[in-house]
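**Q** This is the content of input_8.cif (mmCIF, C-alpha atoms):
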data_entry
loop_
_atom_site.label_atom_id
_atom_site.label_comp_id
_atom_site.auth_asym_id
_atom_site.auth_seq_id
_atom_site.Cartn_x
_atom_site.Cartn_y
_atom_site.Cartn_z
CA MET Y 1 19.78 -18.17 12.90
CA ILE Y 2 19.55 -16.12 9.71
CA ARG Y 3 16.36 -15.17 7.87
CA ASN Y 4 16.28 -18.35 5.81
CA ASP Y 5 16.45 -20.45 9.00
CA VAL Y 6 13.55 -18.47 10.48
CA LEU Y 7 11.51 -18.96 7.30
CA LYS Y 8 12.11 -22.73 7.48
CA THR Y 9 10.66 -22.86 11.00
CA LEU Y 10 7.62 -20.90 9.81
CA LEU Y 11 6.70 -23.10 6.86
CA PRO Y 12 4.31 -25.52 8.62
CA ILE Y 13 2.50 -22.58 10.23
CA ILE Y 14 2.21 -20.18 7.29
CA ARG Y 15 1.87 -22.68 4.41
CA ASP Y 16 -1.91 -22.34 4.18
CA GLU Y 17 -2.15 -18.70 5.29
CA LEU Y 18 -2.15 -15.60 3.12
CA VAL Y 19 1.39 -14.26 3.11
CA VAL Y 20 2.63 -10.99 1.63
CA CYS Y 21 6.40 -11.21 1.39
CA ASN Y 22 8.97 -8.47 1.24
CA ILE Y 23 11.00 -7.60 -1.86
CA GLY Y 24 14.33 -9.23 -2.68
CA ALA Y 25 15.95 -11.95 -0.61
CA PRO Y 26 12.92 -12.66 1.66
CA SER Y 27 10.59 -13.37 -1.29
CA GLN Y 28 13.30 -15.28 -3.16
CA GLU Y 29 14.08 -17.43 -0.13
CA LEU Y 30 10.41 -18.14 0.63
CA HIS Y 31 9.76 -18.93 -3.04
CA ALA Y 32 12.70 -21.37 -3.12
CA LEU Y 33 11.73 -23.01 0.19
CA ASP Y 34 8.01 -23.50 -0.36
CA ASP Y 35 6.22 -21.77 -3.22
CA GLN Y 36 2.50 -21.56 -2.48
CA PRO Y 37 -0.40 -19.86 -4.28
CA THR Y 38 -1.17 -18.21 -0.94
CA ASN Y 39 2.12 -16.29 -1.19
CA PHE Y 40 2.26 -12.85 -2.76
CA TYR Y 41 5.82 -12.08 -3.77
CA MET Y 42 6.85 -8.48 -4.07
CA LEU Y 43 9.16 -8.09 -7.04
CA GLY Y 44 9.69 -4.37 -6.48
CA THR Y 45 8.63 -1.41 -4.34
CA MET Y 46 10.73 -1.54 -1.18
CA GLY Y 47 8.83 -0.79 2.01
CA LEU Y 48 5.28 -1.71 1.06
CA SER Y 49 4.90 -5.31 2.26
CA SER Y 50 3.35 -4.03 5.49
CA SER Y 51 0.93 -1.71 3.68
CA ILE Y 52 -0.08 -4.24 0.99
CA GLY Y 53 -0.72 -6.90 3.63
CA PHE Y 54 -2.66 -4.47 5.77
CA GLY Y 55 -4.80 -3.37 2.81
CA LEU Y 56 -5.55 -7.04 2.16
CA ALA Y 57 -6.49 -7.58 5.81
CA LEU Y 58 -8.83 -4.58 5.68
CA ALA Y 59 -10.57 -5.93 2.59
CA GLN Y 60 -11.38 -9.47 3.72
CA ASP Y 61 -11.51 -11.63 6.83
CA LYS Y 62 -8.88 -14.34 6.34
CA PRO Y 63 -5.68 -13.97 8.36
CA VAL Y 64 -2.88 -12.14 6.57
CA ILE Y 65 0.79 -12.34 7.50
CA SER Y 66 3.06 -9.64 6.12
CA ILE Y 67 6.67 -10.71 6.24
CA ASP Y 68 8.73 -7.55 6.29
CA GLY Y 69 12.28 -6.56 7.15
CA ASP Y 70 13.82 -3.97 9.42
CA GLY Y 71 15.17 -1.95 6.48
CA SER Y 72 11.79 -1.94 4.76
CA ILE Y 73 9.96 -0.92 7.93
CA LEU Y 74 12.40 1.96 8.35
CA THR Y 75 11.58 2.99 4.77
CA ASN Y 76 7.82 3.07 5.43
CA MET Y 77 7.75 3.50 9.20
CA ALA Y 78 4.71 5.78 9.25
CA THR Y 79 2.51 2.91 8.12
CA LEU Y 80 2.78 1.56 11.68
CA SER Y 81 0.56 4.48 12.72
CA THR Y 82 -1.95 3.65 9.97
CA ILE Y 83 -2.00 0.05 11.15
CA ALA Y 84 -2.32 1.03 14.82
CA ASN Y 85 -5.21 3.40 14.22
CA ASN Y 86 -7.26 1.06 12.02
CA PRO Y 87 -6.70 -2.25 13.81
CA ARG Y 88 -7.72 -5.49 12.11
CA ASP Y 89 -7.46 -8.68 14.13
CA ASN Y 90 -6.74 -10.76 11.03
CA PHE Y 91 -3.42 -8.95 10.50
CA ILE Y 92 0.01 -10.07 11.63
CA LEU Y 93 3.10 -8.06 10.77
CA LEU Y 94 6.25 -10.14 11.12
CA ILE Y 95 9.36 -8.01 10.98
CA ILE Y 96 12.43 -10.15 10.39
CA ASP Y 97 14.94 -7.82 12.04
CA ASN Y 98 18.44 -8.88 11.09
CA GLY Y 99 19.83 -5.37 11.50
CA SER Y 100 20.85 -5.17 7.88
CA TYR Y 101 19.79 -4.47 4.31
CA GLY Y 102 20.11 -8.13 3.35
CA SER Y 103 19.25 -7.86 -0.34
CA THR Y 104 21.82 -5.18 -1.05
CA GLY Y 105 24.92 -6.53 0.62
CA ASP Y 106 24.10 -6.66 4.34
CA GLN Y 107 24.79 -3.01 5.01
CA PRO Y 108 23.77 -2.22 8.63
CA THR Y 109 20.41 -0.58 9.34
CA TYR Y 110 19.69 1.73 12.27
CA ALA Y 111 17.44 -1.00 13.69
CA GLY Y 112 20.60 -2.97 14.34
CA ARG Y 113 22.02 -0.06 16.31
CA LYS Y 114 19.99 2.24 18.58
CA THR Y 115 16.51 2.12 17.03
CA SER Y 116 13.97 -0.34 18.46
CA LEU Y 117 11.22 -1.17 15.96
CA ALA Y 118 9.17 -2.77 18.74
CA ALA Y 119 9.30 0.51 20.65
CA VAL Y 120 8.37 2.42 17.48
CA ALA Y 121 5.38 0.14 16.85
CA THR Y 122 4.27 0.57 20.46
CA ALA Y 123 4.68 4.34 20.27
CA CYS Y 124 2.60 4.35 17.09
CA GLY Y 125 -0.22 2.80 19.09
CA CYS Y 126 -0.03 -0.88 18.15
CA ASP Y 127 -1.55 -2.74 21.10
CA HIS Y 128 0.12 -6.13 20.73
CA VAL Y 129 3.83 -5.91 19.99
CA VAL Y 130 6.22 -8.72 20.79
CA GLU Y 131 9.95 -8.93 20.27
CA VAL Y 132 11.36 -12.44 20.13
CA ASP Y 133 14.60 -14.24 19.42
CA ALA Y 134 14.74 -15.94 16.05
CA ALA Y 135 14.14 -19.38 17.51
CA GLN Y 136 10.89 -18.24 19.13
CA THR Y 137 9.46 -16.70 15.95
CA ALA Y 138 7.36 -19.65 14.81
CA ALA Y 139 5.77 -19.97 18.26
CA ALA Y 140 5.00 -16.24 18.28
CA VAL Y 141 3.32 -16.39 14.84
CA LYS Y 142 1.33 -19.47 15.87
CA ALA Y 143 0.21 -17.74 19.05
CA ALA Y 144 -0.82 -14.60 17.16
CA LEU Y 145 -2.87 -16.65 14.67
CA GLU Y 146 -4.59 -18.49 17.50
CA ALA Y 147 -5.23 -15.35 19.53
CA ARG Y 148 -6.76 -13.65 16.48
CA LYS Y 149 -5.42 -10.31 17.70
CA MET Y 150 -3.58 -7.92 15.45
CA THR Y 151 0.04 -8.49 16.40
CA ILE Y 152 3.35 -6.95 15.44
CA ILE Y 153 6.21 -9.44 15.87
CA VAL Y 154 9.81 -8.30 15.75
CA SER Y 155 12.06 -11.32 15.24
CA LYS Y 156 15.70 -10.59 16.07
CA CYS Y 157 17.95 -12.75 13.94
CA ASP Y 158 21.41 -12.76 12.41
CA SER Y 159 22.33 -11.04 9.21
CA GLY Y 160 22.86 -13.22 6.14
CA ASN Y 161 21.29 -14.67 3.02
CA VAL Y 162 21.37 -17.95 1.14
CA GLN Y 163 22.00 -18.21 -2.58
CA VAL Y 164 18.65 -18.71 -4.32
CA PRO Y 165 17.45 -17.74 -7.80
CA VAL Y 166 15.51 -14.56 -8.50
CA ILE Y 167 11.79 -15.08 -9.07
CA ASP Y 168 11.10 -15.09 -12.78
CA ARG Y 169 7.34 -15.57 -12.58
CA ASN Y 170 5.18 -13.08 -14.41
CA PRO Y 171 3.86 -10.52 -11.87
CA ILE Y 172 0.31 -10.79 -13.17
CA VAL Y 173 0.44 -14.58 -12.78
CA ILE Y 174 1.63 -14.08 -9.18
CA ARG Y 175 -1.18 -11.62 -8.53
CA GLU Y 176 -3.96 -13.61 -10.18
CA ARG Y 177 -2.89 -16.87 -8.54
CA PHE Y 178 -2.81 -15.10 -5.19
CA MET Y 179 -6.25 -13.53 -5.72
CA GLU Y 180 -7.71 -16.95 -6.52
CA ALA Y 181 -6.23 -18.21 -3.22
CA VAL Y 182 -7.74 -15.24 -1.37
CA GLU Y 183 -11.15 -16.03 -2.80
CA ALA Y 184 -10.94 -19.82 -2.31
CA MET D 1 -17.90 22.59 3.89
CA ALA D 2 -18.73 20.04 1.24
CA LYS D 3 -20.40 21.29 -1.93
CA THR D 4 -22.75 19.70 -4.42
CA LEU D 5 -19.75 18.96 -6.65
CA ASP D 6 -18.02 17.02 -3.86
CA LYS D 7 -21.14 14.93 -3.33
CA ARG D 8 -21.49 14.33 -7.05
CA ILE D 9 -17.86 13.16 -7.31
CA ILE D 10 -18.18 10.73 -4.41
CA GLY D 11 -21.52 9.57 -5.85
CA ASP D 12 -19.76 8.77 -9.13
CA PHE D 13 -17.07 6.81 -7.27
CA THR D 14 -19.61 4.73 -5.35
CA ALA D 15 -21.69 4.18 -8.52
CA ALA D 16 -18.51 2.84 -10.16
CA GLY D 17 -18.15 0.32 -7.34
CA VAL D 18 -15.27 2.05 -5.56
CA ASP D 19 -15.49 0.93 -1.94
CA PHE D 20 -11.98 1.63 -0.60
CA VAL D 21 -10.32 5.04 -0.66
CA THR D 22 -7.08 6.19 0.85
CA SER D 23 -6.16 9.85 0.93
CA VAL D 24 -3.47 12.32 1.75
CA PRO D 25 -5.24 15.64 2.14
CA CYS D 26 -5.13 18.77 0.02
CA LYS D 27 -7.13 21.94 0.64
CA GLN D 28 -8.80 21.54 -2.77
CA LEU D 29 -9.91 18.01 -1.85
CA ALA D 30 -11.15 18.87 1.65
CA GLY D 31 -14.81 18.79 0.63
CA THR D 32 -14.58 15.43 -1.13
CA ILE D 33 -12.67 13.93 1.80
CA GLU D 34 -15.41 15.25 4.12
CA VAL D 35 -18.05 13.49 2.00
CA LEU D 36 -15.93 10.31 1.96
CA ASP D 37 -16.21 10.11 5.72
CA GLN D 38 -19.99 10.44 5.47
CA THR D 39 -20.27 7.62 2.91
CA PRO D 40 -20.84 4.21 4.51
CA ALA D 41 -20.31 2.40 1.19
CA ILE D 42 -16.66 3.49 1.22
CA THR D 43 -13.96 2.39 3.64
CA HIS D 44 -11.74 5.46 4.00
CA VAL D 45 -8.27 4.82 5.42
CA PRO D 46 -6.10 7.95 5.41
CA SER D 47 -2.43 7.29 4.72
CA ASN D 48 0.66 9.23 5.71
CA LYS D 49 2.30 9.21 2.32
CA GLU D 50 0.99 8.38 -1.10
CA ASP D 51 3.27 5.39 -1.77
CA GLU D 52 2.02 3.84 1.46
CA GLY D 53 -1.52 4.58 0.25
CA MET D 54 -0.90 2.78 -3.04
CA GLY D 55 0.32 -0.23 -1.06
CA LEU D 56 -2.95 -0.23 0.88
CA CYS D 57 -4.86 0.04 -2.42
CA ALA D 58 -2.95 -2.89 -3.95
CA GLY D 59 -3.77 -5.05 -0.93
CA ALA D 60 -7.40 -3.97 -0.86
CA TYR D 61 -7.72 -4.80 -4.56
CA MET D 62 -6.31 -8.29 -4.04
CA GLY D 63 -8.80 -8.69 -1.20
CA GLY D 64 -11.70 -8.06 -3.57
CA MET D 65 -12.31 -4.36 -3.05
CA ARG D 66 -12.19 -1.60 -5.65
CA PRO D 67 -9.71 1.05 -4.46
CA ALA D 68 -8.99 4.68 -5.31
CA ILE D 69 -6.53 7.26 -4.01
CA PHE D 70 -7.10 10.97 -3.46
CA MET D 71 -3.91 13.04 -3.40
CA GLN D 72 -2.16 16.22 -4.46
CA ASN D 73 -0.10 16.45 -7.65
CA THR D 74 3.05 17.08 -5.60
CA ALA D 75 2.74 13.41 -4.60
CA LEU D 76 3.79 12.41 -8.10
CA GLY D 77 7.26 13.26 -6.84
CA VAL D 78 6.83 10.48 -4.30
CA VAL D 79 5.10 7.66 -6.15
CA VAL D 80 6.90 7.13 -9.46
CA ASN D 81 8.56 3.88 -8.33
CA THR D 82 5.36 2.58 -6.73
CA LEU D 83 3.31 3.31 -9.85
CA ALA D 84 5.84 1.54 -12.08
CA THR D 85 6.80 -1.47 -9.95
CA LEU D 86 3.54 -2.17 -8.11
CA ILE D 87 0.45 -0.65 -9.69
CA GLN D 88 1.52 -0.98 -13.33
CA PHE D 89 3.71 -4.09 -13.00
CA TYR D 90 0.93 -6.10 -11.33
CA GLN D 91 -1.85 -4.43 -13.38
CA ILE D 92 -3.94 -2.97 -10.57
CA PRO D 93 -6.73 -0.59 -11.59
CA LEU D 94 -6.33 2.62 -9.61
CA PRO D 95 -8.21 5.86 -10.17
CA MET D 96 -6.21 8.76 -8.76
CA LEU D 97 -8.25 11.87 -7.98
CA ILE D 98 -5.52 14.50 -7.96
CA SER D 99 -5.74 18.12 -6.92
CA TYR D 100 -3.75 19.94 -9.59
CA ARG D 101 -2.11 22.65 -7.53
CA GLY D 102 0.01 25.33 -9.14
CA GLU D 103 -2.34 26.19 -11.99
CA VAL D 104 -4.00 29.59 -12.63
CA GLY D 105 -5.56 30.82 -9.40
CA GLU D 106 -2.83 29.27 -7.24
CA PRO D 107 -1.75 31.52 -4.35
CA VAL D 108 1.41 29.59 -3.38
CA ALA D 109 4.35 30.08 -5.75
CA CYS D 110 6.10 26.87 -4.76
CA GLN D 111 3.12 24.82 -5.96
CA VAL D 112 3.84 25.97 -9.52
CA GLU D 113 7.13 24.09 -9.47
CA MET D 114 5.50 20.63 -9.31
CA ALA D 115 2.63 21.75 -11.57
CA LEU D 116 5.28 22.21 -14.26
CA HIS D 117 6.29 18.55 -13.92
CA THR D 118 2.86 17.01 -13.34
CA LYS D 119 1.79 16.14 -16.88
CA ALA D 120 5.36 15.35 -17.92
CA ILE D 121 5.66 12.71 -15.18
CA LEU D 122 2.26 11.23 -16.06
CA ASN D 123 3.16 11.20 -19.76
CA GLN D 124 6.53 9.59 -19.04
CA LEU D 125 4.75 6.82 -17.11
CA HIS D 126 2.15 6.36 -19.88
CA ILE D 127 -0.66 7.00 -17.43
CA PRO D 128 -4.04 7.91 -18.97
CA THR D 129 -4.60 11.48 -17.82
CA TYR D 130 -7.75 13.61 -17.74
CA HIS D 131 -7.73 17.29 -16.78
CA PHE D 132 -10.85 18.80 -15.22
CA HIS D 133 -10.69 22.57 -15.82
CA THR D 134 -14.31 23.61 -16.17
CA LEU D 135 -17.26 22.36 -14.17
CA ALA D 136 -18.70 20.50 -17.18
CA ASP D 137 -15.59 18.30 -17.30
CA VAL D 138 -16.93 16.32 -14.34
CA GLU D 139 -19.42 14.73 -16.74
CA GLU D 140 -16.56 12.51 -17.89
CA LEU D 141 -15.92 11.01 -14.46
CA PRO D 142 -18.20 7.93 -14.68
CA GLY D 143 -16.67 7.00 -18.03
CA ILE D 144 -13.13 7.48 -16.71
CA LEU D 145 -13.82 5.27 -13.69
CA ALA D 146 -15.24 2.50 -15.89
CA HIS D 147 -12.27 2.86 -18.25
CA THR D 148 -9.86 2.44 -15.31
CA GLN D 149 -11.38 -0.92 -14.36
CA MET D 150 -11.46 -2.06 -17.97
CA CYS D 151 -7.79 -1.35 -18.67
CA LYS D 152 -6.48 -2.22 -15.16
CA LYS D 153 -4.17 0.78 -15.06
CA PRO D 154 -3.55 3.73 -12.80
CA VAL D 155 -5.50 6.67 -14.23
CA ALA D 156 -4.99 10.32 -13.29
CA ILE D 157 -7.86 12.78 -12.89
CA LEU D 158 -6.29 16.22 -12.49
CA THR D 159 -8.60 18.78 -10.94
CA ASP D 160 -7.36 22.37 -11.05
CA ALA D 161 -8.22 25.58 -9.20
CA SER D 162 -10.60 26.81 -11.91
CA PHE D 163 -12.60 23.57 -11.67
CA TRP D 164 -12.92 23.79 -7.90
CA ARG D 165 -13.61 27.53 -7.91
CA ALA D 166 -16.61 26.97 -10.18
CA ALA D 167 -18.06 24.44 -7.74
CA THR D 168 -21.37 25.05 -6.07
#
The structure in this file should be written as structure tokens.
**A**
Amino acid sequence: MIRNDVLKTLLPIIRDELVVCNIGAPSQELHALDDQPTNFYMLGTMGLSSSIGFGLALAQDKPVISIDGDGSILTNMATLSTIANNPRDNFILLIIDNGSYGSTGDQPTYAGRKTSLAAVATACGCDHVVEVDAAQTAAAVKAALEARKMTIIVSKCDSGNVQVPVIDRNPIVIRERFMEAVEA
Amino acid sequence: MAKTLDKRIIGDFTAAGVDFVTSVPCKQLAGTIEVLDQTPAITHVPSNKEDEGMGLCAGAYMGGMRPAIFMQNTALGVVVNTLATLIQFYQIPLPMLISYRGEVGEPVACQVEMALHTKAILNQLHIPTYHFHTLADVEELPGILAHTQMCKKPVAILTDASFWRAAT
């Protein structure tokens, strides 16, 4: 299973939840599969999906799912310590770990070699860290939502993208639409 | 040890409705960060790096809070992309209380290097910039904070060594 396959399995679970989605292919694929006002698409700023989602979880009580990638977590790895030390049970960080920089040509990341992001998250102090195969991802997200415990999920999947258009929505429209969904 | 000036600055932030602050410390900001932690009206979440902090601020803003970031001017070397592609692109109001290291009174030569680039970077990014040099400059803070919310932009408040040295 590649990222797009994992996203498809997630749709019925995340459709009505607040989702902050990583830059590039992940946001483009989610947007093409099932555009929702509850989705915040990052159009730039690699690495900050985790931090934006966590800031949102700190500010209000609805569940927040940050969909991030292994390359982006490696870019902003220290935020795992911020998350661990200020836990919020409405926050789920889903790291789609395909071992590659998918948006830039599938160059390998270190997470696909010796580095374990689940071990990093645990070492940072995150209490609930689960690593699952791609096919178990949807069940893991559902379980985390039901448990209402801050959870870091590392979903190991295959490298690869599907051809989808870039998102040409105005960023302020994305943001305002999302904020209305947060408030609703 | 926090001074009257530190308390006044945090008082201006809370009066402006700021209720979420992230910080990366600087010696010049130590007093204000100390007061932050004594201010129940503000959620203070320290960050490891300033771009991470701006991500937290963007999320907090979308969750209905009014964020600010406290950081050193050297951080402008870190956050250019985040300011352009997140804070400015999505129009998120963000007051940045910045210790302006490397100005007159600075004991560490290396700090001068980023001081030389500080206003140039802010000008290049078209960020409204205010420079607090004398104690009286702090009078402008409430207006600057209101202006930030009105225009939904990142706004820089540079606070130099002379300003902090005059503090009581």
**Q** May I have the residues within 10 Å of Thr122 (chain Y) as a list in words, using only C-alpha atoms and disregarding those fewer than 5 positions away in the same chain?
**A**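 Answer for this query is Leu80, Ser81, Ala84, Ser116, Leu117, Asp127, His128, Val129, Val130 and Ile152 of chain Y.
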**Q** Can you list what the PyMOL selection byres ((chain D and resi 78) around 12) grabs from this structure, as a PyMOL selection string?
**A** chain D and resi 48-54+71-77+79-84+114+118+121
**Q** What does the file look like for those residues with C-alpha atoms, as a JSON list (two decimals), keeping the file's coordinate frame?
**A**
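Saved to part-v8.json:
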[["chain", "number", "residue", "atom", "x", "y", "z"],
["D", 48, "ASN", "CA", 0.66, 9.23, 5.71],
["D", 49, "LYS", "CA", 2.30, 9.21, 2.32],
["D", 50, "GLU", "CA", 0.99, 8.38, -1.10],
["D", 51, "ASP", "CA", 3.27, 5.39, -1.77],
["D", 52, "GLU", "CA", 2.02, 3.84, 1.46],
["D", 53, "GLY", "CA", -1.52, 4.58, 0.25],
["D", 54, "MET", "CA", -0.90, 2.78, -3.04],
["D", 71, "MET", "CA", -3.91, 13.04, -3.40],
["D", 72, "GLN", "CA", -2.16, 16.22, -4.46],
["D", 73, "ASN", "CA", -0.10, 16.45, -7.65],
["D", 74, "THR", "CA", 3.05, 17.08, -5.60],
["D", 75, "ALA", "CA", 2.74, 13.41, -4.60],
["D", 76, "LEU", "CA", 3.79, 12.41, -8.10],
["D", 77, "GLY", "CA", 7.26, 13.26, -6.84],
["D", 79, "VAL", "CA", 5.10, 7.66, -6.15],
["D", 80, "VAL", "CA", 6.90, 7.13, -9.46],
["D", 81, "ASN", "CA", 8.56, 3.88, -8.33],
["D", 82, "THR", "CA", 5.36, 2.58, -6.73],
["D", 83, "LEU", "CA", 3.31, 3.31, -9.85],
["D", 84, "ALA", "CA", 5.84, 1.54, -12.08],
["D", 114, "MET", "CA", 5.50, 20.63, -9.31],
["D", 118, "THR", "CA", 2.86, 17.01, -13.34],
["D", 121, "ILE", "CA", 5.66, 12.71, -15.18]]
**Q** Using all atoms listed in the file, select each residue of chain Y with any atom at most 10 Å away from an atom of chain D, and give the selection as a ChimeraX atom specification.
**A** /Y:20,40,42-62,76-83,85-86,170-176,178-183
**Q** Spell out the residues picked by the PyMOL selection byres ((chain Y and resi 161-168) around 6) here, as number ranges by chain.
**A** Y: 28, 160, 169
**Q** Quick one: which residues end up in the PyMOL selection byres ((chain Y and resi 93) around 7) for this structure, as an NGL selection string?
**A** :Y and (50 or 65-67 or 91-92 or 94-95 or 151-153)
**Q** Leaving out Ala135 (chain Y) and any residue of its chain fewer than 5 positions from it, which residues lie within 10 Å of it when counting all atoms listed in the file, given as a ChimeraX atom specification?
**A** /Y:1,5-6,9,140,155-157
**Q** Could you tell me how far CA of Glu34 (chain D) lies from CA of Gly11 (chain D), in Å and to one decimal?
**A** 13.0 Å
**Q** (-19.9, 19.1, -11.1) in this file's frame - what residues fall within 6 Å of it? Use all atoms listed in the file and give the answer as number ranges by chain.
**A** D: 5, 135, 138
**Q** Grab the CA of Gly105 (chain Y) to CA of Asn4 (chain Y) distance for me, in Å with one decimal place.
**A** 15.5 Å
**Q** Of the candidates D:Ile98, D:Ala166, D:Ala30, D:Val35, which shows the shortest atom-to-atom distance to Lys119 (chain D), using only C-alpha atoms?
**A** D:Ile98
**Q** Enter the distance from CA of His126 (chain D) to CA of Ala156 (chain D), in Å, rounded to one decimal.
**A**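 According to the coordinates, CA of His126 (chain D) and CA of Ala156 (chain D) are separated by 10.5 Å.
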**Q** What are the centre and edge lengths in Å, to one decimal, of the axis-aligned box around all listed atoms of region 109-127 of chain Y with 6 Å added on each side, as JSON?
**A**
{"center_x": 10.2, "center_y": 0.7, "center_z": 15.2, "size_x": 35.6, "size_y": 19.3, "size_z": 23.8}
**Q** So which one's closest to Ala147 (chain Y), Y:Asn90, Y:Arg15, Y:Cys21, Y:Glu29? Using only C-alpha atoms, please.
**A** Y:Asn90
**Q** Identify which of the residues D:Ile42, D:Ile33, D:Ala161, D:Val155 lies closest to Ala15 (chain D), counting all atoms listed in the file when measuring atom-to-atom distances.
**A** D:Ile42
**Q** Need to verify the contact set: Pro95 (chain D), 12 Å, all atoms listed in the file, exclusion of same-chain residues closer than 5 positions in sequence. Can you return it as a ChimeraX atom specification?
**A** /D:12-13,16-18,20-23,54,57-58,66-71,83,87,127-130,141-158
**Q** Can I get region 131-150 of chain Y with N, CA and C atoms filled in, as a PDB file, in the coordinates of the input?
**A**
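Final output, saved to part.pdb:
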ATOM      1  N   GLU Y 131       8.620  -8.763  20.841  1.00  0.00           N
ATOM      2  CA  GLU Y 131       9.950  -8.930  20.270  1.00  0.00           C
ATOM      3  C   GLU Y 131      10.485 -10.277  20.738  1.00  0.00           C
ATOM      4  N   VAL Y 132      10.922 -11.088  19.787  1.00  0.00           N
ATOM      5  CA  VAL Y 132      11.360 -12.440  20.130  1.00  0.00           C
ATOM      6  C   VAL Y 132      12.710 -12.743  19.488  1.00  0.00           C
ATOM      7  N   ASP Y 133      13.407 -13.701  20.072  1.00  0.00           N
ATOM      8  CA  ASP Y 133      14.600 -14.240  19.420  1.00  0.00           C
ATOM      9  C   ASP Y 133      14.165 -15.071  18.223  1.00  0.00           C
ATOM     10  N   ALA Y 134      15.066 -15.223  17.287  1.00  0.00           N
ATOM     11  CA  ALA Y 134      14.740 -15.940  16.050  1.00  0.00           C
ATOM     12  C   ALA Y 134      14.094 -17.289  16.312  1.00  0.00           C
ATOM     13  N   ALA Y 135      14.626 -18.010  17.264  1.00  0.00           N
ATOM     14  CA  ALA Y 135      14.140 -19.380  17.510  1.00  0.00           C
ATOM     15  C   ALA Y 135      12.707 -19.400  18.036  1.00  0.00           C
ATOM     16  N   GLN Y 136      12.261 -18.298  18.597  1.00  0.00           N
ATOM     17  CA  GLN Y 136      10.890 -18.240  19.130  1.00  0.00           C
ATOM     18  C   GLN Y 136       9.873 -17.681  18.118  1.00  0.00           C
ATOM     19  N   THR Y 137      10.323 -17.378  16.931  1.00  0.00           N
ATOM     20  CA  THR Y 137       9.460 -16.700  15.950  1.00  0.00           C
ATOM     21  C   THR Y 137       8.239 -17.538  15.581  1.00  0.00           C
ATOM     22  N   ALA Y 138       8.473 -18.808  15.252  1.00  0.00           N
ATOM     23  CA  ALA Y 138       7.360 -19.650  14.810  1.00  0.00           C
ATOM     24  C   ALA Y 138       6.290 -19.745  15.908  1.00  0.00           C
ATOM     25  N   ALA Y 139       6.732 -19.901  17.145  1.00  0.00           N
ATOM     26  CA  ALA Y 139       5.770 -19.970  18.260  1.00  0.00           C
ATOM     27  C   ALA Y 139       4.996 -18.665  18.386  1.00  0.00           C
ATOM     28  N   ALA Y 140       5.678 -17.551  18.160  1.00  0.00           N
ATOM     29  CA  ALA Y 140       5.000 -16.240  18.280  1.00  0.00           C
ATOM     30  C   ALA Y 140       3.961 -16.070  17.174  1.00  0.00           C
ATOM     31  N   VAL Y 141       4.286 -16.506  15.948  1.00  0.00           N
ATOM     32  CA  VAL Y 141       3.320 -16.390  14.840  1.00  0.00           C
ATOM     33  C   VAL Y 141       2.125 -17.307  15.088  1.00  0.00           C
ATOM     34  N   LYS Y 142       2.405 -18.521  15.569  1.00  0.00           N
ATOM     35  CA  LYS Y 142       1.330 -19.470  15.870  1.00  0.00           C
ATOM     36  C   LYS Y 142       0.400 -18.894  16.938  1.00  0.00           C
ATOM     37  N   ALA Y 143       1.005 -18.318  17.961  1.00  0.00           N
ATOM     38  CA  ALA Y 143       0.210 -17.740  19.050  1.00  0.00           C
ATOM     39  C   ALA Y 143      -0.638 -16.572  18.555  1.00  0.00           C
ATOM     40  N   ALA Y 144      -0.070 -15.762  17.679  1.00  0.00           N
ATOM     41  CA  ALA Y 144      -0.820 -14.600  17.160  1.00  0.00           C
ATOM     42  C   ALA Y 144      -1.995 -15.063  16.301  1.00  0.00           C
ATOM     43  N   LEU Y 145      -1.775 -16.111  15.490  1.00  0.00           N
ATOM     44  CA  LEU Y 145      -2.870 -16.650  14.670  1.00  0.00           C
ATOM     45  C   LEU Y 145      -3.985 -17.197  15.552  1.00  0.00           C
ATOM     46  N   GLU Y 146      -3.590 -17.892  16.611  1.00  0.00           N
ATOM     47  CA  GLU Y 146      -4.590 -18.490  17.500  1.00  0.00           C
ATOM     48  C   GLU Y 146      -5.331 -17.437  18.320  1.00  0.00           C
ATOM     49  N   ALA Y 147      -4.612 -16.398  18.710  1.00  0.00           N
ATOM     50  CA  ALA Y 147      -5.230 -15.350  19.530  1.00  0.00           C
ATOM     51  C   ALA Y 147      -6.193 -14.499  18.715  1.00  0.00           C
ATOM     52  N   ARG Y 148      -5.946 -14.483  17.365  1.00  0.00           N
ATOM     53  CA  ARG Y 148      -6.760 -13.650  16.480  1.00  0.00           C
ATOM     54  C   ARG Y 148      -6.796 -12.200  16.989  1.00  0.00           C
ATOM     55  N   LYS Y 149      -5.611 -11.718  17.301  1.00  0.00           N
ATOM     56  CA  LYS Y 149      -5.420 -10.310  17.700  1.00  0.00           C
ATOM     57  C   LYS Y 149      -4.355  -9.728  16.791  1.00  0.00           C
ATOM     58  N   MET Y 150      -4.604  -8.548  16.278  1.00  0.00           N
ATOM     59  CA  MET Y 150      -3.580  -7.920  15.450  1.00  0.00           C
ATOM     60  C   MET Y 150      -2.280  -7.827  16.233  1.00  0.00           C
TER      61      MET Y 150
END
